[in-house]
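What follows is a set of notes on a single structure, which appears directly below.
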Amino acid sequence: MRMSRRDFIRTLSATGAALSVAACSSSGDGGGSTVRFGYIADYNGASLLAIADERGLWKKHGLTADPKVFVNGPVQIQALRTGNLDYGYIGPGALWLPASGKATIVAVNTLTYADRVIARPGITSIRDLRGKKVGVPEGTSGEMALNLALQQAGMTMKDISKVAMDAPTVVSAFASGQIDGAGIWYPLIDTIKEKVPGLKEVASTEDIPGSAFPTAFVSAAKGKPERDRKVVTVLQEANDWRAAHPKESIALAAKLLKADEAKVAADAKHVKTMTTAELVARTEDGTVGKWLDGMSRFFVRTGQLDKAPDPSSFYAGDLYTKAAAR
């Protein structure tokens, strides 16, 4: 049975808050010049933070960053809402949370096409998962990919046996044969392939023509304007350095993640980066708004949103463009 939005948030409050408090308890109250910044351990989530640290961008703008790793975006948004985090990183599958008023997007990061539905050897299509156990981290891009695949096949979540679990548990459960399929993303899929080399990718966000899946940085719904401006400026400068130095950016992300550089490079292949000037232009001409509106309308179809809000209600586009103009 599908978990409602209310039940999901209630569950997240009970389980995710404990994780977020533990992850952030050493960083003080978030005031002054220190910003507690959440990220996910992949290229999208880590690269700009790694660059900003290496290039001294936080200090340049009078800030100190306290980065904290999380398993997904929804837990970071819960930490924002409980005052245990100042900023976070989310993938496209968690965009329904800012769209529902639980956070504000302060910067678009990349477009990502890393999400897949995978299945055990012998299962060759999404239809073959009918009635089978499929693990998925709820509220994430893994669930997004699964919903998209089911819709394309004329199926719904009722046609499978969905098993809600966090991303690391998906890896271990798939490897041990406890589940038949999963909605999950790279680089975790590479980890699973090492354990189950014959797995099949039965659906991919790369196979949906004309679709855009933005990743983003978020703050609490009611932010601090001057601090937000400084943080966005840091992200923009790091973003442009990443665009100009892709190989070096992969190396710095690998260093932060304590991961093999080749694996981070493989992860980065699923990412479309844009310069700050491109993101400003796409904000001003309404393209970013169309991306976000497309995601919101998808989440209406899945029941995660009641209606698609105006993107300007949860994307601080003016903040982003003004920060770039300074």
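Every chain in the structure tokens takes a letter, A first, then B, and so on in the order presented; its residues are numbered from 1, and the ligands are numbered from 1 following the presented order.
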Inset, instruction - Fewer than 6 positions away in the same chain doesn't count, so skip those; otherwise give me all residues within 7 Å of region 232-244 of chain A, counting only C-alpha atoms, as a ChimeraX atom specification. - result: /A:48,51-52,57-58,106-107,273-276,320,323-324
Output for the residues just chosen: N, CA and C atoms as an mmCIF file, in the first residue's frame:
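Below you can see again.cif, which holds the result:
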```cif
data_model
loop_
_atom_site.group_PDB
_atom_site.id
_atom_site.type_symbol
_atom_site.label_atom_id
_atom_site.label_comp_id
_atom_site.auth_asym_id
_atom_site.auth_seq_id
_atom_site.Cartn_x
_atom_site.Cartn_y
_atom_site.Cartn_z
ATOM 1 N N LEU A 48 30.715 20.730 -5.724
ATOM 2 C CA LEU A 48 30.830 22.163 -5.444
ATOM 3 C C LEU A 48 31.351 22.435 -4.039
ATOM 4 N N ILE A 51 35.102 21.892 -4.175
ATOM 5 C CA ILE A 51 35.780 22.995 -4.873
ATOM 6 C C ILE A 51 35.815 24.243 -3.996
ATOM 7 N N ALA A 52 34.690 24.562 -3.375
ATOM 8 C CA ALA A 52 34.635 25.758 -2.533
ATOM 9 C C ALA A 52 35.642 25.688 -1.393
ATOM 10 N N LEU A 57 36.807 29.548 -1.157
ATOM 11 C CA LEU A 57 35.699 30.436 -1.494
ATOM 12 C C LEU A 57 34.848 30.807 -0.291
ATOM 13 N N TRP A 58 34.734 29.895 0.662
ATOM 14 C CA TRP A 58 33.965 30.226 1.864
ATOM 15 C C TRP A 58 34.629 31.390 2.603
ATOM 16 N N VAL A 106 17.654 27.564 -3.589
ATOM 17 C CA VAL A 106 18.455 28.787 -3.745
ATOM 18 C C VAL A 106 19.343 28.723 -4.972
ATOM 19 N N ALA A 107 19.577 27.528 -5.502
ATOM 20 C CA ALA A 107 20.410 27.388 -6.706
ATOM 21 C C ALA A 107 20.131 26.048 -7.362
ATOM 22 N N THR A 273 26.413 19.549 -16.549
ATOM 23 C CA THR A 273 26.711 20.781 -15.818
ATOM 24 C C THR A 273 26.462 21.988 -16.722
ATOM 25 N N MET A 274 26.202 23.120 -16.100
ATOM 26 C CA MET A 274 25.974 24.376 -16.801
ATOM 27 C C MET A 274 26.739 25.479 -16.096
ATOM 28 N N THR A 275 27.168 26.488 -16.836
ATOM 29 C CA THR A 275 27.820 27.628 -16.198
ATOM 30 C C THR A 275 26.770 28.468 -15.479
ATOM 31 N N THR A 276 27.243 29.341 -14.603
ATOM 32 C CA THR A 276 26.325 30.247 -13.918
ATOM 33 C C THR A 276 25.599 31.140 -14.915
ATOM 34 N N TYR A 320 19.202 34.177 -7.122
ATOM 35 C CA TYR A 320 20.273 33.586 -7.939
ATOM 36 C C TYR A 320 20.788 34.592 -8.964
ATOM 37 N N ALA A 323 22.659 37.591 -7.285
ATOM 38 C CA ALA A 323 23.975 37.192 -6.754
ATOM 39 C C ALA A 323 25.002 37.125 -7.893
ATOM 40 N N ALA A 324 24.563 36.652 -9.051
ATOM 41 C CA ALA A 324 25.477 36.541 -10.188
ATOM 42 C C ALA A 324 25.861 37.906 -10.755
#
```
Legend entry - Contacts of Asp306 (chain A) within 10 Å, only C-alpha atoms, excl. fewer than 4 positions in-chain, as a list of chain:residue names: A:Arg5, A:Ser100, A:Ser296, A:Arg297, A:Phe299, A:Val300, A:Arg301, A:Thr302
Can you write out the residues you just picked, keeping N, CA, C and O atoms, as a PDB file, in the first residue's frame?
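Once everything was written out, this is out_16.pdb:
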```pdb
ATOM      1  N   ARG A   5       1.451  11.321   1.676  1.00  0.00           N
ATOM      2  CA  ARG A   5       2.421  12.375   1.971  1.00  0.00           C
ATOM      3  C   ARG A   5       2.483  12.643   3.480  1.00  0.00           C
ATOM      4  O   ARG A   5       3.550  12.829   4.045  1.00  0.00           O
ATOM      5  N   SER A 100       6.168  21.740  -2.039  1.00  0.00           N
ATOM      6  CA  SER A 100       5.087  21.721  -1.051  1.00  0.00           C
ATOM      7  C   SER A 100       5.352  22.677   0.103  1.00  0.00           C
ATOM      8  O   SER A 100       4.660  22.629   1.120  1.00  0.00           O
ATOM      9  N   SER A 296       6.883  19.159 -10.843  1.00  0.00           N
ATOM     10  CA  SER A 296       5.713  19.292  -9.963  1.00  0.00           C
ATOM     11  C   SER A 296       4.512  18.555 -10.545  1.00  0.00           C
ATOM     12  O   SER A 296       3.770  17.875  -9.819  1.00  0.00           O
ATOM     13  N   ARG A 297       4.303  18.684 -11.838  1.00  0.00           N
ATOM     14  CA  ARG A 297       3.163  18.012 -12.471  1.00  0.00           C
ATOM     15  C   ARG A 297       3.324  16.487 -12.395  1.00  0.00           C
ATOM     16  O   ARG A 297       2.332  15.764 -12.224  1.00  0.00           O
ATOM     17  N   PHE A 299       4.789  14.985  -9.896  1.00  0.00           N
ATOM     18  CA  PHE A 299       4.490  14.637  -8.506  1.00  0.00           C
ATOM     19  C   PHE A 299       3.001  14.743  -8.188  1.00  0.00           C
ATOM     20  O   PHE A 299       2.518  14.089  -7.262  1.00  0.00           O
ATOM     21  N   VAL A 300       2.266  15.536  -8.954  1.00  0.00           N
ATOM     22  CA  VAL A 300       0.809  15.528  -8.821  1.00  0.00           C
ATOM     23  C   VAL A 300       0.272  14.173  -9.273  1.00  0.00           C
ATOM     24  O   VAL A 300      -0.596  13.583  -8.623  1.00  0.00           O
ATOM     25  N   ARG A 301       0.819  13.662 -10.365  1.00  0.00           N
ATOM     26  CA  ARG A 301       0.366  12.357 -10.874  1.00  0.00           C
ATOM     27  C   ARG A 301       0.678  11.228  -9.901  1.00  0.00           C
ATOM     28  O   ARG A 301      -0.070  10.247  -9.822  1.00  0.00           O
ATOM     29  N   THR A 302       1.783  11.355  -9.166  1.00  0.00           N
ATOM     30  CA  THR A 302       2.142  10.295  -8.212  1.00  0.00           C
ATOM     31  C   THR A 302       1.447  10.468  -6.865  1.00  0.00           C
ATOM     32  O   THR A 302       1.560   9.602  -5.998  1.00  0.00           O
TER      33      THR A 302
END
```
Inset, instruction - Tell me which of A:Gln152, A:Phe37, A:Trp291, A:Leu85 sits closest to Thr215 (chain A), counting only C-alpha atoms. - result: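 Ranked by minimum distance to Thr215 (chain A), first place goes to A:Trp291.
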Inset, instruction - Skip Glu54 (chain A) itself and residues of its chain fewer than 5 positions away, then list as an NGL selection string all residues within 12 Å of it, counting only C-alpha atoms. - result: :A and (47-49 or 59-60 or 65 or 238 or 241-242 or 248-249 or 251-253 or 255-256)
Residue selection dump (N, CA and C atoms) as a PDB file, in the first residue's frame:
```
ATOM      1  N   SER A  47      30.679  17.828  -5.371  1.00  0.00           N
ATOM      2  CA  SER A  47      31.706  18.524  -6.152  1.00  0.00           C
ATOM      3  C   SER A  47      31.825  20.009  -5.816  1.00  0.00           C
ATOM      4  N   LEU A  48      30.715  20.730  -5.724  1.00  0.00           N
ATOM      5  CA  LEU A  48      30.830  22.163  -5.444  1.00  0.00           C
ATOM      6  C   LEU A  48      31.351  22.435  -4.039  1.00  0.00           C
ATOM      7  N   LEU A  49      30.968  21.610  -3.079  1.00  0.00           N
ATOM      8  CA  LEU A  49      31.480  21.799  -1.718  1.00  0.00           C
ATOM      9  C   LEU A  49      32.979  21.533  -1.675  1.00  0.00           C
ATOM     10  N   LYS A  59      35.920  31.265   2.818  1.00  0.00           N
ATOM     11  CA  LYS A  59      36.654  32.324   3.513  1.00  0.00           C
ATOM     12  C   LYS A  59      36.592  33.625   2.743  1.00  0.00           C
ATOM     13  N   LYS A  60      36.699  33.554   1.439  1.00  0.00           N
ATOM     14  CA  LYS A  60      36.647  34.750   0.583  1.00  0.00           C
ATOM     15  C   LYS A  60      35.383  35.550   0.839  1.00  0.00           C
ATOM     16  N   ALA A  65      32.294  26.748   6.269  1.00  0.00           N
ATOM     17  CA  ALA A  65      31.349  25.669   5.976  1.00  0.00           C
ATOM     18  C   ALA A  65      31.600  24.472   6.871  1.00  0.00           C
ATOM     19  N   ALA A 238      32.099  28.360  -7.452  1.00  0.00           N
ATOM     20  CA  ALA A 238      32.536  26.962  -7.513  1.00  0.00           C
ATOM     21  C   ALA A 238      31.983  26.282  -8.768  1.00  0.00           C
ATOM     22  N   TRP A 241      34.059  27.248 -11.777  1.00  0.00           N
ATOM     23  CA  TRP A 241      35.358  26.567 -11.749  1.00  0.00           C
ATOM     24  C   TRP A 241      35.173  25.115 -12.175  1.00  0.00           C
ATOM     25  N   ARG A 242      34.093  24.482 -11.721  1.00  0.00           N
ATOM     26  CA  ARG A 242      33.814  23.090 -12.108  1.00  0.00           C
ATOM     27  C   ARG A 242      33.613  22.980 -13.616  1.00  0.00           C
ATOM     28  N   GLU A 248      39.737  18.158 -12.832  1.00  0.00           N
ATOM     29  CA  GLU A 248      40.169  18.560 -11.484  1.00  0.00           C
ATOM     30  C   GLU A 248      38.999  18.499 -10.504  1.00  0.00           C
ATOM     31  N   SER A 249      37.802  18.818 -10.979  1.00  0.00           N
ATOM     32  CA  SER A 249      36.618  18.780 -10.122  1.00  0.00           C
ATOM     33  C   SER A 249      36.303  17.356  -9.686  1.00  0.00           C
ATOM     34  N   ALA A 251      38.518  15.007  -9.345  1.00  0.00           N
ATOM     35  CA  ALA A 251      39.551  14.648  -8.367  1.00  0.00           C
ATOM     36  C   ALA A 251      39.236  15.224  -6.988  1.00  0.00           C
ATOM     37  N   LEU A 252      38.764  16.470  -6.945  1.00  0.00           N
ATOM     38  CA  LEU A 252      38.448  17.083  -5.655  1.00  0.00           C
ATOM     39  C   LEU A 252      37.229  16.419  -5.013  1.00  0.00           C
ATOM     40  N   ALA A 253      36.232  16.082  -5.819  1.00  0.00           N
ATOM     41  CA  ALA A 253      35.071  15.376  -5.275  1.00  0.00           C
ATOM     42  C   ALA A 253      35.477  14.020  -4.724  1.00  0.00           C
ATOM     43  N   LYS A 255      38.317  13.212  -3.522  1.00  0.00           N
ATOM     44  CA  LYS A 255      39.050  13.437  -2.274  1.00  0.00           C
ATOM     45  C   LYS A 255      38.098  13.635  -1.110  1.00  0.00           C
ATOM     46  N   LEU A 256      37.060  14.462  -1.318  1.00  0.00           N
ATOM     47  CA  LEU A 256      36.080  14.684  -0.250  1.00  0.00           C
ATOM     48  C   LEU A 256      35.339  13.399   0.089  1.00  0.00           C
TER      49      LEU A 256
END
```
Inset, instruction - Write out as a PyMOL selection string the residues lying within 10 Å of Glu143 (chain A), counting only C-alpha atoms and excluding same-chain residues fewer than 2 positions away. - result: chain A and resi 93-94+115-117+135-141+145-149+162+164+182-184+302
Need to verify the contact set: Trp185 (chain A), 12 Å, only C-alpha atoms, exclusion of same-chain residues closer than 6 positions in sequence. Can you return it as a tab-separated table (two decimals) with N, CA, C and O atoms, in the first residue's frame?
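So the final result, stored in part.tsv, reads:
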```
chain	number	residue	atom	x	y	z
A	40	ILE	N	24.93	14.71	-0.39
A	40	ILE	CA	24.87	13.27	-0.61
A	40	ILE	C	26.21	12.84	-1.20
A	40	ILE	O	26.83	13.60	-1.95
A	41	ALA	N	26.64	11.66	-0.89
A	41	ALA	CA	27.98	11.21	-1.28
A	41	ALA	C	28.05	10.78	-2.74
A	41	ALA	O	28.26	9.60	-3.06
A	42	ASP	N	27.85	11.73	-3.64
A	42	ASP	CA	28.04	11.49	-5.06
A	42	ASP	C	28.60	12.75	-5.71
A	42	ASP	O	28.77	13.77	-5.04
A	43	TYR	N	28.87	12.70	-7.01
A	43	TYR	CA	29.50	13.84	-7.69
A	43	TYR	C	28.61	15.08	-7.64
A	43	TYR	O	29.08	16.18	-7.37
A	44	ASN	N	27.32	14.89	-7.90
A	44	ASN	CA	26.40	16.03	-7.85
A	44	ASN	C	26.41	16.71	-6.50
A	44	ASN	O	26.44	17.94	-6.41
A	72	ASN	N	20.12	10.90	1.81
A	72	ASN	CA	19.20	11.35	0.78
A	72	ASN	C	18.76	12.80	1.03
A	72	ASN	O	19.10	13.40	2.06
A	91	GLY	N	18.30	15.74	-4.93
A	91	GLY	CA	18.13	15.30	-6.30
A	91	GLY	C	16.72	15.59	-6.78
A	91	GLY	O	15.87	16.08	-6.02
A	92	PRO	N	16.41	15.27	-8.04
A	92	PRO	CA	15.09	15.59	-8.59
A	92	PRO	C	13.93	14.90	-7.90
A	92	PRO	O	12.83	15.44	-7.84
A	93	GLY	N	14.19	13.71	-7.35
A	93	GLY	CA	13.10	12.99	-6.70
A	93	GLY	C	12.60	13.62	-5.42
A	93	GLY	O	11.51	13.28	-4.95
A	112	THR	N	20.58	15.80	-13.98
A	112	THR	CA	21.12	14.46	-13.76
A	112	THR	C	20.28	13.41	-14.46
A	112	THR	O	19.06	13.54	-14.57
A	113	TYR	N	20.96	12.39	-14.96
A	113	TYR	CA	20.30	11.28	-15.63
A	113	TYR	C	20.87	9.97	-15.09
A	113	TYR	O	21.15	9.04	-15.85
A	114	ALA	N	21.01	9.92	-13.77
A	114	ALA	CA	21.69	8.80	-13.12
A	114	ALA	C	20.74	7.76	-12.54
A	114	ALA	O	21.19	6.76	-12.01
A	115	ASP	N	19.44	7.99	-12.66
A	115	ASP	CA	18.48	7.12	-11.97
A	115	ASP	C	18.00	5.99	-12.87
A	115	ASP	O	17.78	6.16	-14.07
A	116	ARG	N	17.82	4.84	-12.25
A	116	ARG	CA	17.46	3.62	-12.99
A	116	ARG	C	16.49	2.77	-12.17
A	116	ARG	O	16.41	2.90	-10.95
A	117	VAL	N	15.82	1.89	-12.87
A	117	VAL	CA	15.18	0.74	-12.22
A	117	VAL	C	16.00	-0.47	-12.62
A	117	VAL	O	16.22	-0.72	-13.81
A	118	ILE	N	16.51	-1.18	-11.65
A	118	ILE	CA	17.34	-2.36	-11.92
A	118	ILE	C	16.60	-3.61	-11.46
A	118	ILE	O	15.70	-3.55	-10.62
A	136	VAL	N	12.95	0.64	-2.73
A	136	VAL	CA	13.07	2.03	-3.17
A	136	VAL	C	13.16	2.96	-1.95
A	136	VAL	O	12.45	2.77	-0.97
A	137	PRO	N	14.07	3.94	-1.98
A	137	PRO	CA	14.07	4.96	-0.93
A	137	PRO	C	12.96	5.97	-1.23
A	137	PRO	O	12.98	6.66	-2.25
A	140	THR	N	12.62	9.98	-3.04
A	140	THR	CA	13.89	10.26	-3.69
A	140	THR	C	13.76	10.07	-5.20
A	140	THR	O	12.72	9.67	-5.73
A	141	SER	N	14.87	10.33	-5.91
A	141	SER	CA	14.87	10.13	-7.36
A	141	SER	C	14.76	8.66	-7.73
A	141	SER	O	14.36	8.34	-8.85
A	142	GLY	N	15.10	7.76	-6.82
A	142	GLY	CA	14.89	6.34	-7.08
A	142	GLY	C	13.41	6.03	-7.22
A	142	GLY	O	12.99	5.29	-8.12
A	143	GLU	N	12.60	6.58	-6.32
A	143	GLU	CA	11.15	6.40	-6.42
A	143	GLU	C	10.62	7.11	-7.67
A	143	GLU	O	9.70	6.61	-8.33
A	144	MET	N	11.18	8.27	-7.98
A	144	MET	CA	10.79	8.99	-9.19
A	144	MET	C	11.01	8.12	-10.42
A	144	MET	O	10.12	8.00	-11.28
A	145	ALA	N	12.20	7.51	-10.54
A	145	ALA	CA	12.51	6.67	-11.70
A	145	ALA	C	11.55	5.48	-11.77
A	145	ALA	O	11.11	5.09	-12.86
A	146	LEU	N	11.25	4.90	-10.63
A	146	LEU	CA	10.34	3.75	-10.59
A	146	LEU	C	8.94	4.17	-11.04
A	146	LEU	O	8.30	3.48	-11.85
A	167	ALA	N	18.74	4.08	0.98
A	167	ALA	CA	19.59	3.71	-0.16
A	167	ALA	C	20.64	2.65	0.18
A	167	ALA	O	20.81	1.68	-0.58
A	168	PRO	N	21.39	2.77	1.29
A	168	PRO	CA	22.36	1.71	1.61
A	168	PRO	C	21.72	0.33	1.78
A	168	PRO	O	22.31	-0.69	1.42
A	170	VAL	N	19.03	-0.69	0.21
A	170	VAL	CA	18.73	-1.18	-1.14
A	170	VAL	C	19.93	-1.95	-1.70
A	170	VAL	O	19.78	-3.03	-2.27
A	171	VAL	N	21.11	-1.39	-1.51
A	171	VAL	CA	22.33	-2.04	-2.02
A	171	VAL	C	22.49	-3.43	-1.43
A	171	VAL	O	22.69	-4.42	-2.14
A	191	THR	N	28.18	-0.02	-7.36
A	191	THR	CA	28.47	-0.85	-6.19
A	191	THR	C	27.68	-2.15	-6.24
A	191	THR	O	28.21	-3.24	-5.96
A	192	ILE	N	26.41	-2.04	-6.64
A	192	ILE	CA	25.58	-3.24	-6.74
A	192	ILE	C	26.09	-4.16	-7.84
A	192	ILE	O	26.10	-5.40	-7.69
A	193	LYS	N	26.53	-3.58	-8.96
A	193	LYS	CA	27.03	-4.40	-10.07
A	193	LYS	C	28.24	-5.24	-9.68
A	193	LYS	O	28.43	-6.34	-10.21
A	201	GLU	N	19.35	-3.29	-16.20
A	201	GLU	CA	18.72	-1.98	-16.09
A	201	GLU	C	17.47	-2.01	-16.96
A	201	GLU	O	17.56	-2.00	-18.19
A	203	ALA	N	14.90	0.24	-16.79
A	203	ALA	CA	14.38	1.58	-17.08
A	203	ALA	C	15.44	2.60	-16.70
A	203	ALA	O	16.22	2.39	-15.76
A	204	SER	N	15.48	3.71	-17.43
A	204	SER	CA	16.49	4.74	-17.21
A	204	SER	C	15.92	6.11	-17.51
A	204	SER	O	15.16	6.28	-18.47
A	205	THR	N	16.29	7.09	-16.70
A	205	THR	CA	15.86	8.46	-16.99
A	205	THR	C	16.54	9.00	-18.25
A	205	THR	O	16.08	9.99	-18.83
A	206	GLU	N	17.62	8.37	-18.70
A	206	GLU	CA	18.26	8.77	-19.95
A	206	GLU	C	17.39	8.43	-21.16
A	206	GLU	O	17.61	8.99	-22.25
A	267	ASP	N	30.49	8.29	-12.41
A	267	ASP	CA	29.27	8.93	-11.90
A	267	ASP	C	29.03	10.26	-12.62
A	267	ASP	O	27.91	10.58	-13.02
A	270	HIS	N	26.95	10.87	-15.95
A	270	HIS	CA	25.49	10.95	-15.97
A	270	HIS	C	24.98	12.36	-15.65
A	270	HIS	O	23.78	12.55	-15.47
A	271	VAL	N	25.89	13.32	-15.59
A	271	VAL	CA	25.56	14.67	-15.13
A	271	VAL	C	25.77	15.68	-16.25
A	271	VAL	O	26.76	15.63	-16.97
```
Inset, instruction - Enumerate the residues of region 182-282 of chain A with a DSSP assignment of helix (DSSP H, G or I), computed from the backbone, and present them as an MDAnalysis selection string. - result: chainID A and resid 188:195 205:207 225:244 246:257 261:268 276:282
Legend entry - Which residue of A:Pro67, A:Gly223, A:Gly56, A:Gly317 approaches Thr34 (chain A) most closely, using only C-alpha atoms: A:Pro67
Legend entry - Per-residue DSSP, region 94-240 of chain A, filtered to strand (DSSP E), as a ChimeraX atom specification: /A:104-112,115-119,133-136,161-164,181-185,200-204,214-219
Inset, instruction - Between A:Met165, A:Ala175, A:Leu95, A:Val218, single out the one closest to Glu194 (chain A), counting only C-alpha atoms. - result: A:Ala175
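Reported to one decimal place, the separation of CA of Phe174 (chain A) from CA of Arg130 (chain A) is 16.8 Å.
Of the listed residues A:His245, A:Arg282, A:Lys272, A:Lys200, the one whose atoms come nearest to Thr124 (chain A) is A:Lys200, with distances taken using only C-alpha atoms.
Distance check against Val75 (chain A) using only C-alpha atoms: of A:His61, A:Lys102, A:Lys132, A:Lys269, the minimum falls on A:Lys102.
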Inset, instruction - Could you tell me how far CA of Thr64 (chain A) lies from CA of Val231 (chain A), in Å and to one decimal? - result: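 So the answer is 10.1 Å.
CA of Leu292 (chain A) lies 27.2 Å from CA of Val134 (chain A).
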Inset, instruction - Would you please work out which residue, of A:Ala316, A:Gly286, A:Ser172, A:Leu305, is nearest to Ile189 (chain A) when using only C-alpha atoms? - result: A:Ser172
Inset, instruction - Find the residues near Val288 (chain A): any atom within 12 Å, counting only C-alpha atoms, skip ones fewer than 6 places away on the same chain, and give them as a ChimeraX atom specification. - result: /A:105,107-111,212-216,278-282,294-295,310-312,314-317,320
